[in-house]
Amino acid sequence: MASMTPDSSQEVSPPRFTILLVSAMALSYEILLMRLFSIVQYHHFAYMVISLALLGYGASGSFLTFFRQRLLQNFAASLITGIIFFGLTAVVCFFAGQHLFFNPEEMLWDKRHWLKLFVLYILLALPFFFAANCIALTFSRYKMKISAIYAADLFGAGLGSMIVIGLLYFVFPQNILLIVGSIILLIPVVALFELRLLSWKRVFLFAALAAIPLLLPSGWKELIISPYKGLSQQMQIQGSRIIEEKSSPLGILTVVENKKVPFRYAPGLSLAAESELPEQLGVFTDGDGLSVITRFPENKDKLSHLDMVTSALPYHLRQLQNVLVLGAGAGSDMLQAINAGTLDITAVELNPQVVDLVRKRAGFSGGLYDLDNVRVYIDDARSFVAGSTKTFDLIQVPVLDSFSGATAGLYALNENYLYTKEALQEYIKHLTPDGFLCLSRWIRLPPRDTLKLFTTAVETLKGNGIKEPENHLVMVRSWQTGTLLIKKTAFTKAEIVAVKEFCSKRFFDPVFYPGMQEQEANRYNIIFEPYFYQGVVNLLGENSGSFIKRYKFNITPPTDDKPYFANFFKWQTLPELLRLKGQGGIALLDSGYLILVITLAQAIIASLIIILLPVLLKSAGRVQSVNWTRSRVALYFFSIGLGFLFLEIAFMQKYILYLGHPLFAAAAVLAIFLVFAGMGSQYAQKRKFHAIWPVMIILCLGLIELAASGLLFNILGDLIRPMKVLVAVFMLGPLAFCMGMPFPLALTEIGSEVSELVPWAWAVNGCASVIAAVLATLLAVHFGFSTVVLSSLVLYGIAAVTFPAGQKEQVGT
Amino acid sequence: MLHPFIKKIFHFSCICLCLLLPGSNTTASDQFAEQRRAMVRVIETDVYLTSFYINKEKLDPRVMAVMGKVERHKFVPSSQEAWAYANQPLPIGHGQTISQPYIVALMTDLAMVDPGDKVLEIGTGSGYQAAILAEMGAEVFTIEIVEPLAEKAAERLTGLGYNMVKTRTGDGYYGWKEEAPFDAIVVTAAASHVPPPLIRQLKPGGVMVIPVGSRFMVQQLVLVEKDNAGKITTRQILPVRFVPLTGDH
């Protein structure tokens, strides 16, 4: 590399395409890591590791504070070395990290796993550190072209997210990792071309280097899936054989057959069930979350087990003509409807590959999805219901929502729009006058899901003007599952008799029906006290608010603004549960929320170290600028770092409901934000104006968006998807365009006045972005998405005020 | 509400005192014996704290005696030996674990085993639970589906002299028909539901114990009971003293 002398001319245009590619690959790598960790571990954990790994961005800023001058002396060599290290560490660090055999669950018991986690953090931060170095170094080198570089960075990030999501449909994630590694190792060729240093010798050198990841021995590039995940456990059983695997951004689907020890999957099966289960094929999503494809029997008796679960209740109240299954998955709930003699079945499933797996095995599954009386829609449940004009005798929301696949990948934040008040209202609207809405959940002790569902139902019914919601609700439970029935009209006496009979025949317990007495509540599945019955009675009473407050788990009804059904965490319960750790109290802790808090805490601590370190070690007094002091830079870049991501994340969530498919929404919103922000940055390049102008527009557009989007979604809810995307572009594009400006406006100023602060601004911004991702979710959990949007607008306001007043004079010049 | 706290301090002091008692020159096995005694005391404290739910302040003294006798360190991989008597679950390979001692004691107590009882275990794992049941005087039949685990456990149980434990490799779904009915059935293997054949192989008046949760965290214990008329009920037991409402003790 010694021959690579830097081009001293500032006139030479920056290596934009190189930066675009580096940024694209860094974002691809980030999304890919999410997928990979969701497969080998669980997505909660993926979130925790990756958010910290991204601090590699912040760390690069600190690193450059010390070594910037030395690296800039030979910019080309530094840039290319950085890219090579990025490529190599991207591949090596992930595969090496697997060999730590880290297991989050064991952290409670075994302190060695904390050390493993720490090593994992360091390993995964390295690739991001090198990628960020390349970008920050380029900012420092081409101080006058910061807008152009920032634009390339944003365009690249947008491109990267699209590329990796597209690739996930065709290539397995572990192979994409190798491809990403190879592409990164080829970027130096582009860099050399842009820096006018290209020679054939070098092209061959880097082509050879790029081949390395693809030529690794196959033993090195296998995924090591946690032995405690369902698929790993299944493969320990003799006779288990994987017969098909499919990849998509929604997850890896693995079909397993076992002729020796058959699958016998029937969660919640009554203890009174006698019959053998028909043959089944297991379908695992990301190595867990088993669902089964059942052999379509010649004799319907073979499906009798589907009548011995709590969700079969509505079929015993009267003959149902048409049924809607939301989350049809591998088809169990459709078979249940067929078994009950339903004439017309509508199935909605989010993941087309699941439907394909069933269709492909028509001989086995009986062509379930292609039967004359079945219609299947590949869609999100909410978006299907909102767009449908039909009414149904029964809307079935199964116990195992196959929609959970949606929580994979980009969507790893656990929003669930299936059980919100708005959702229930929409479902009820689509019932025939005597129709039932049937929702099932796992039973947990002490009761959580079931009570939250019940109180959501009570509030929804009250919201619909029903004065006595207790007459419209029935709930039953086995020791494993609970099912809630909501009826538009009051339950009849005959129906209540049928409920009682259904329960006693199957050893199920009624939790509630109109007119029920406490002594009927706890007969077959006995718990210390009839907590379920007592819970629902309290929730129906006048003091339901105080009950919800006193209950040690969060059972407040979720709304579309706060769609966190699965969050049961309450801070006041934490000390008690920690005290009970030895007896298994930790098992009662819903760790998702706590992991989020820990992630935030570690991100803040690590950020502080990264941000403060250079200040402490390099004397702060030597900054020579009237306008930009270190603290001003920190406040400004921290505010816009948080603000940008708050808006992006909040709108990504808000648009899921409008655009339907969560992944589709995430990809579309992300792309709109990055591309338009890139354009905004490009626009700002040639102009010099105070940051207050774009911020004013951001505030206006943000408020309009917040106030009008709900209304607009209702009016424009029936459009076809490409039109909906166009609506999103019109609504979010201008906002994102303005959001692209504050960063380069300030950085260009700093570059010309105090260039030694450029890496620092970059570090602060990087840290803020990491904190923002976690903090946005935490704010949404407690206060809703609207609050996240408003906080962001405040932050932009702070940034505008922080922007040096001296610059105001140049407005309009 | 002060007295439980005082009792807790008393228990803790007892444990500390016991730990401070002068010991003889220690050999490795003495060391393990001492650790085992400490483990039993920890279980006793946990049980006392959980008495609210399991409806008793003490477990069957026979169970506690057996917990103090069976050499748990011989049932864990050598890499885990140092933690054998800690009140925690440990990995034993093949994605399986040996349960937390407190949970093993609780399950054994709930199974209400008398000498001479026939007990079926689905999921041998390390063989520890089978050894505990055998020490209780039961005739134990245990089935493990993961072949290497089954072989190792069989070898270990024979080596330790537990000849009254009969082992089998294979599918536990159909139970052990030739030896049915059983006074108690302990299911430690994960299953999506209670297999009907197992319910059939349970004696009237018998009891089946199932831990529910993940490999490292038991969320509840489910007791399936069959009365003389054949009516089947379950009892769901939280192994933790915890009430879901504040101010509701």
# chains A, B, ... in the order shown; residues from 1 in each chain; ligands from 1
$ residues_around --residues "stretch 225-239 of chain B" --least-positions-apart "3" --cutoff "9 Å" --atoms "only C-alpha atoms" --output "PyMOL selection string"
(chain A and resi 271-272+445-446+479+507+523-528+583-585) or (chain B and resi 47+50+53-54+103+106+199+202-209+218-222+242)
$ select_by_dssp --residues "stretch 82-181 of chain B" --states "strand (DSSP E)" --output "MDAnalysis selection string"
chainID B and resid 90:93 96:98 118:122 139:144 165:169
$ select_by_dssp --residues "stretch 33-147 of chain B" --states "helix (DSSP H, G or I)" --output "VMD selection string"
chain B and resid 33 to 54 61 to 67 72 to 75 78 to 83 101 to 110 128 to 135 147
$ atom_distance --atom1 "atom CA of A:Trp109" --atom2 "atom CA of B:Thr45"
18.5 Å
$ residues_around --residues "stretch 73-82 of chain B" --least-positions-apart "3" --cutoff "7 Å" --atoms "only C-alpha atoms" --output "ChimeraX atom specification"
/B:92,126-128
$ closest_residue --among "B:Arg62, B:Arg168, B:Arg36, B:Arg72" --to "B:Lys152" --atoms "only C-alpha atoms"
B:Arg168
$ residues_around --residues "stretch 451-465 of chain A" --least-positions-apart "2" --cutoff "7 Å" --atoms "only C-alpha atoms" --output "PDB file with C-alpha atoms, in the first residue's frame"
ATOM      1  CA  LYS A 421     -58.816  -2.487  21.180  1.00  0.00           C
ATOM      2  CA  LEU A 424     -61.193  -6.256  18.401  1.00  0.00           C
ATOM      3  CA  GLN A 425     -63.544  -3.498  17.317  1.00  0.00           C
ATOM      4  CA  PRO A 447     -53.037 -15.347  34.768  1.00  0.00           C
ATOM      5  CA  ARG A 448     -51.783 -12.704  32.356  1.00  0.00           C
ATOM      6  CA  ASP A 449     -52.650 -13.065  28.646  1.00  0.00           C
ATOM      7  CA  LYS A 467     -74.011  -1.494  28.686  1.00  0.00           C
ATOM      8  CA  PRO A 469     -70.621  -6.545  28.402  1.00  0.00           C
ATOM      9  CA  GLY A 535     -59.813 -11.680  37.832  1.00  0.00           C
ATOM     10  CA  VAL A 536     -62.577 -11.445  35.249  1.00  0.00           C
ATOM     11  CA  LEU A 539     -62.494  -6.608  35.492  1.00  0.00           C
ATOM     12  CA  ILE A 555     -52.910  -6.087  31.937  1.00  0.00           C
ATOM     13  CA  THR A 556     -53.862  -2.654  30.590  1.00  0.00           C
ATOM     14  CA  PRO A 557     -55.620  -3.112  27.230  1.00  0.00           C
TER      15      PRO A 557
END
$ residues_around --residues "stretch 675-681 of chain A" --least-positions-apart "3" --cutoff "6 Å" --atoms "only C-alpha atoms" --output "JSON, numbers by chain"
{"A": [147, 151, 154, 155, 671, 672, 684, 733, 736, 737, 738, 739, 740, 741]}
$ atom_distance --atom1 "atom CA of A:Val376" --atom2 "atom CA of A:Gly289"
22.0 Å
$ residues_around --residues "stretch 97-100 of chain B" --least-positions-apart "4" --cutoff "7 Å" --atoms "only C-alpha atoms" --output "list in words"
Asn87, Gln88, Pro89, Leu90, Pro91, Ile92, Val104, Gly125, Ser126 and Arg215 of chain B
$ write_last_selection --atoms "C-alpha atoms" --output "PDB file, in the first residue's frame"
ATOM      1  CA  ASN B  87     -29.534 -24.937  43.692  1.00  0.00           C
ATOM      2  CA  GLN B  88     -29.594 -24.525  39.923  1.00  0.00           C
ATOM      3  CA  PRO B  89     -30.244 -26.555  36.775  1.00  0.00           C
ATOM      4  CA  LEU B  90     -27.168 -27.703  34.858  1.00  0.00           C
ATOM      5  CA  PRO B  91     -26.670 -28.636  31.196  1.00  0.00           C
ATOM      6  CA  ILE B  92     -25.900 -32.318  30.608  1.00  0.00           C
ATOM      7  CA  VAL B 104     -36.522 -32.371  41.990  1.00  0.00           C
ATOM      8  CA  GLY B 125     -31.939 -37.520  31.311  1.00  0.00           C
ATOM      9  CA  SER B 126     -28.978 -37.938  33.654  1.00  0.00           C
ATOM     10  CA  ARG B 215     -35.139 -26.361  30.214  1.00  0.00           C
TER      11      ARG B 215
END
$ atom_distance --atom1 "atom CA of A:Leu168" --atom2 "atom CA of A:Asn351"
13.5 Å
$ closest_residue --among "A:Phe170, A:Phe101, A:Trp200, A:Phe139" --to "chain B" --atoms "only C-alpha atoms"
A:Phe101
$ residues_around --residues "A:Leu703" --least-positions-apart "5" --cutoff "9 Å" --atoms "only C-alpha atoms" --output "VMD selection string"
chain A and resid 698 708 789 to 790 793
$ write_last_selection --atoms "N, CA and C atoms" --output "PDB file, in the first residue's frame"
ATOM      1  N   ILE A 698     -39.809  20.513   9.402  1.00  0.00           N
ATOM      2  CA  ILE A 698     -39.955  19.198  10.041  1.00  0.00           C
ATOM      3  C   ILE A 698     -41.059  19.262  11.102  1.00  0.00           C
ATOM      4  N   ALA A 708     -53.086  13.970  10.880  1.00  0.00           N
ATOM      5  CA  ALA A 708     -53.883  13.608   9.700  1.00  0.00           C
ATOM      6  C   ALA A 708     -53.739  12.160   9.265  1.00  0.00           C
ATOM      7  N   VAL A 789     -43.160  10.550  18.414  1.00  0.00           N
ATOM      8  CA  VAL A 789     -43.104  11.564  17.358  1.00  0.00           C
ATOM      9  C   VAL A 789     -42.932  12.957  17.978  1.00  0.00           C
ATOM     10  N   LEU A 790     -43.724  13.247  18.997  1.00  0.00           N
ATOM     11  CA  LEU A 790     -43.641  14.565  19.629  1.00  0.00           C
ATOM     12  C   LEU A 790     -42.268  14.807  20.255  1.00  0.00           C
ATOM     13  N   LEU A 793     -39.851  15.812  17.679  1.00  0.00           N
ATOM     14  CA  LEU A 793     -39.994  17.193  17.222  1.00  0.00           C
ATOM     15  C   LEU A 793     -39.342  18.151  18.222  1.00  0.00           C
TER      16      LEU A 793
END
$ closest_residue --among "B:Thr158, B:Thr108, B:Gln96, B:Gln129" --to "chain A" --atoms "only C-alpha atoms"
B:Gln96
